[in-house]
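*Asks:* Here it is, the structure, as structure tokens.
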Amino acid sequence: MEKGLVVPVWADRADDYLRPMLACGMLTLALAVLLASTSSLVLAEAGLLVLGGPAGVGNSLLFAQLRRSGAGASDVVNTRALVSFAWVAGPPLAALLMGAYGNRSIVLALAGIAVLNCVVTTAMLRTASRRRTRRRRPRTTGRIEPTGRT
Amino acid sequence: MSLFVTGQRMAVVWAGAALGVAAALEIPALLLLGRLAGRVPELTLLASGCVAAVVYYAAMVRVSSPVALIGLQVLNGWFFATVAGVGLTMFQRLIPRPGLATGLYVNTRRLGSVVSGPVIALGAGLAPGYSGVFIVCAVLSTVALAALVAVAARRGSAAVASGPQSA
């Protein structure tokens, strides 16, 4: 529960939600790799605690980023509807994968989603940095202002 | 839900069906709330969710057929959608730091999950067949509704008090 507050508050101070979101995606990928490579329950539990716990904050950071980027209430609620859809569709899809390709296939799916998450967040970071550069660059209109006249 | 449904002499499959229907109905309810956001005040939307919760939990105490159980999930879906959608936007509007607002909202829901354990224990001892759990939930939803009405009334009186001064 503490991580759920510490990371978003730190992101508030840094005024950057995308880089912590990227870190969450990487932690999810690391968790998938760990779960795929071990059969030890202790290691799996430690991984869920150390890697999965902080990775879960990504959801909060997404909504914080939405708010920071100036999204309105309806945009936030519509995005929340997408998250609800994922929650409803996730378990049957996971059961389908496990039934068709075995229990370990869900770890591969998890890794794929984590990679997709990282790619999307990186694209968002690039867009944000391009916007920042555009804002910093002084405006040049190309028009020569008349000078010397009173 | 499984224990309650079997206690009401229904097949356990109806517990899964009810929870699935409620979760599925949450999505169109959230999309509808997305359209209503900005047009209808947040407190009104939240109060509508509380009213739905009070009616849902009170009706669940008496439910004995699968049709009624599934039909009542419309109210459950609306209640969850208002808490999930309007609750989040309200936190973000009231707290200026987006990360803190969202983090607090998520943690508040987690705290609610922790508190639900003692609530279930308390309700299970009230009446046979776990219907007491829904009685406790109905009471808690009524308290939440009363709190919302009190906040709305205070805002209304504050607006009336500041009106002549600003004019």
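Chain labels follow the order of the structure tokens: the first chain is A, the next B, and so on; residue numbering restarts at 1 in every chain, and ligands are counted from 1 in their shown order.
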Once you count only C-alpha atoms, what closest atom pair and distance in Å to one decimal does each residue of chain A within 8 Å of chain B have, with rows by chain and rising residue number, as a tab-separated table?

*Replies:*
residue	atom	partner	partner_atom	distance
A:Met1	CA	B:Asn107	CA	6.4
A:Gly4	CA	B:Gly103	CA	5.7
A:Leu5	CA	B:Gly103	CA	5.0
A:Pro8	CA	B:Gly99	CA	4.3
A:Val9	CA	B:Leu100	CA	5.2
A:Ala11	CA	B:Gly99	CA	6.6
A:Asp12	CA	B:Gly99	CA	5.5
A:Tyr17	CA	B:Gly99	CA	7.9
A:Ser60	CA	B:Thr102	CA	5.5
A:Leu61	CA	B:Gly99	CA	6.4
A:Phe63	CA	B:Thr102	CA	6.8
A:Ala64	CA	B:Pro98	CA	4.6
A:Gln65	CA	B:Pro98	CA	7.5
A:Arg67	CA	B:Pro98	CA	6.2
A:Arg68	CA	B:Pro98	CA	6.6
A:Ala73	CA	B:Thr89	CA	5.8
A:Ser74	CA	B:Gly34	CA	4.2
A:Asp75	CA	B:Gly34	CA	7.0
A:Val76	CA	B:Thr89	CA	6.9
A:Val77	CA	B:Gly85	CA	4.9
A:Asn78	CA	B:Gly34	CA	5.6
A:Arg80	CA	B:Gly85	CA	6.4
A:Ala81	CA	B:Ile27	CA	5.2
A:Leu82	CA	B:Ile27	CA	7.6
A:Ser84	CA	B:Ile27	CA	6.2
A:Phe85	CA	B:Ile27	CA	6.4
A:Val88	CA	B:Ala23	CA	6.4

*Asks:* List the spatial neighbours of Cys118 in chain A as a list in words - criterion: any atom at most 9 Å away, only C-alpha atoms, same-chain residues fewer than 4 positions off excluded.

*Replies:* Met21, Leu22, Ala23, Cys24, Gly25, Met26, Ile113, Ala114, Thr122 and Ala123 of chain A

*Asks:* I need the chosen residues saved as a PDB file, in the first residue's frame, with N, CA and C atoms.

*Replies:*
ATOM      1  N   MET A  21       6.229   5.265 -15.176  1.00  0.00           N
ATOM      2  CA  MET A  21       5.356   4.307 -15.873  1.00  0.00           C
ATOM      3  C   MET A  21       6.183   3.313 -16.678  1.00  0.00           C
ATOM      4  N   LEU A  22       7.241   3.844 -17.318  1.00  0.00           N
ATOM      5  CA  LEU A  22       8.152   2.997 -18.096  1.00  0.00           C
ATOM      6  C   LEU A  22       8.855   2.000 -17.163  1.00  0.00           C
ATOM      7  N   ALA A  23       9.254   2.496 -15.985  1.00  0.00           N
ATOM      8  CA  ALA A  23       9.906   1.621 -14.998  1.00  0.00           C
ATOM      9  C   ALA A  23       8.943   0.518 -14.563  1.00  0.00           C
ATOM     10  N   CYS A  24       7.656   0.855 -14.401  1.00  0.00           N
ATOM     11  CA  CYS A  24       6.646  -0.140 -14.017  1.00  0.00           C
ATOM     12  C   CYS A  24       6.534  -1.227 -15.087  1.00  0.00           C
ATOM     13  N   GLY A  25       6.562  -0.802 -16.366  1.00  0.00           N
ATOM     14  CA  GLY A  25       6.499  -1.762 -17.475  1.00  0.00           C
ATOM     15  C   GLY A  25       7.702  -2.695 -17.456  1.00  0.00           C
ATOM     16  N   MET A  26       8.890  -2.120 -17.179  1.00  0.00           N
ATOM     17  CA  MET A  26      10.121  -2.930 -17.142  1.00  0.00           C
ATOM     18  C   MET A  26      10.086  -3.922 -15.978  1.00  0.00           C
ATOM     19  N   ILE A 113       2.614  -8.259 -23.039  1.00  0.00           N
ATOM     20  CA  ILE A 113       1.873  -7.055 -22.629  1.00  0.00           C
ATOM     21  C   ILE A 113       2.840  -6.026 -22.038  1.00  0.00           C
ATOM     22  N   ALA A 114       3.834  -6.514 -21.262  1.00  0.00           N
ATOM     23  CA  ALA A 114       4.816  -5.605 -20.655  1.00  0.00           C
ATOM     24  C   ALA A 114       5.635  -4.898 -21.726  1.00  0.00           C
ATOM     25  N   THR A 122       7.221   4.661 -24.164  1.00  0.00           N
ATOM     26  CA  THR A 122       8.359   5.329 -24.806  1.00  0.00           C
ATOM     27  C   THR A 122       7.869   6.303 -25.879  1.00  0.00           C
ATOM     28  N   ALA A 123       6.860   5.872 -26.644  1.00  0.00           N
ATOM     29  CA  ALA A 123       6.294   6.757 -27.682  1.00  0.00           C
ATOM     30  C   ALA A 123       5.686   8.002 -27.034  1.00  0.00           C
TER      31      ALA A 123
END

*Asks:* Identify, with DSSP run on backbone atoms, the residues in chain A assigned to alpha helix (DSSP H), and express the list as an MDAnalysis selection string.

*Replies:* chainID A and resid 3:14 18:37 41:47 53:55 58:68 73:101 105:136

*Asks:* What is the CA of Leu116 in chain A to CA of Met98 in chain A distance in Å?

*Replies:* 20.6 Å

*Asks:* Using only C-alpha atoms, which residues sit within 7 Å of range 143-155 of chain B once same-chain residues fewer than 5 positions away are excluded, as a PDB file with C-alpha atoms, in the first residue's frame?

*Replies:*
ATOM      1  CA  LEU B  43     -22.279  14.841  -6.145  1.00  0.00           C
ATOM      2  CA  ALA B  47     -25.618  10.128  -4.794  1.00  0.00           C
ATOM      3  CA  CYS B  50     -25.406   5.432  -3.313  1.00  0.00           C
TER       4      CYS B  50
END
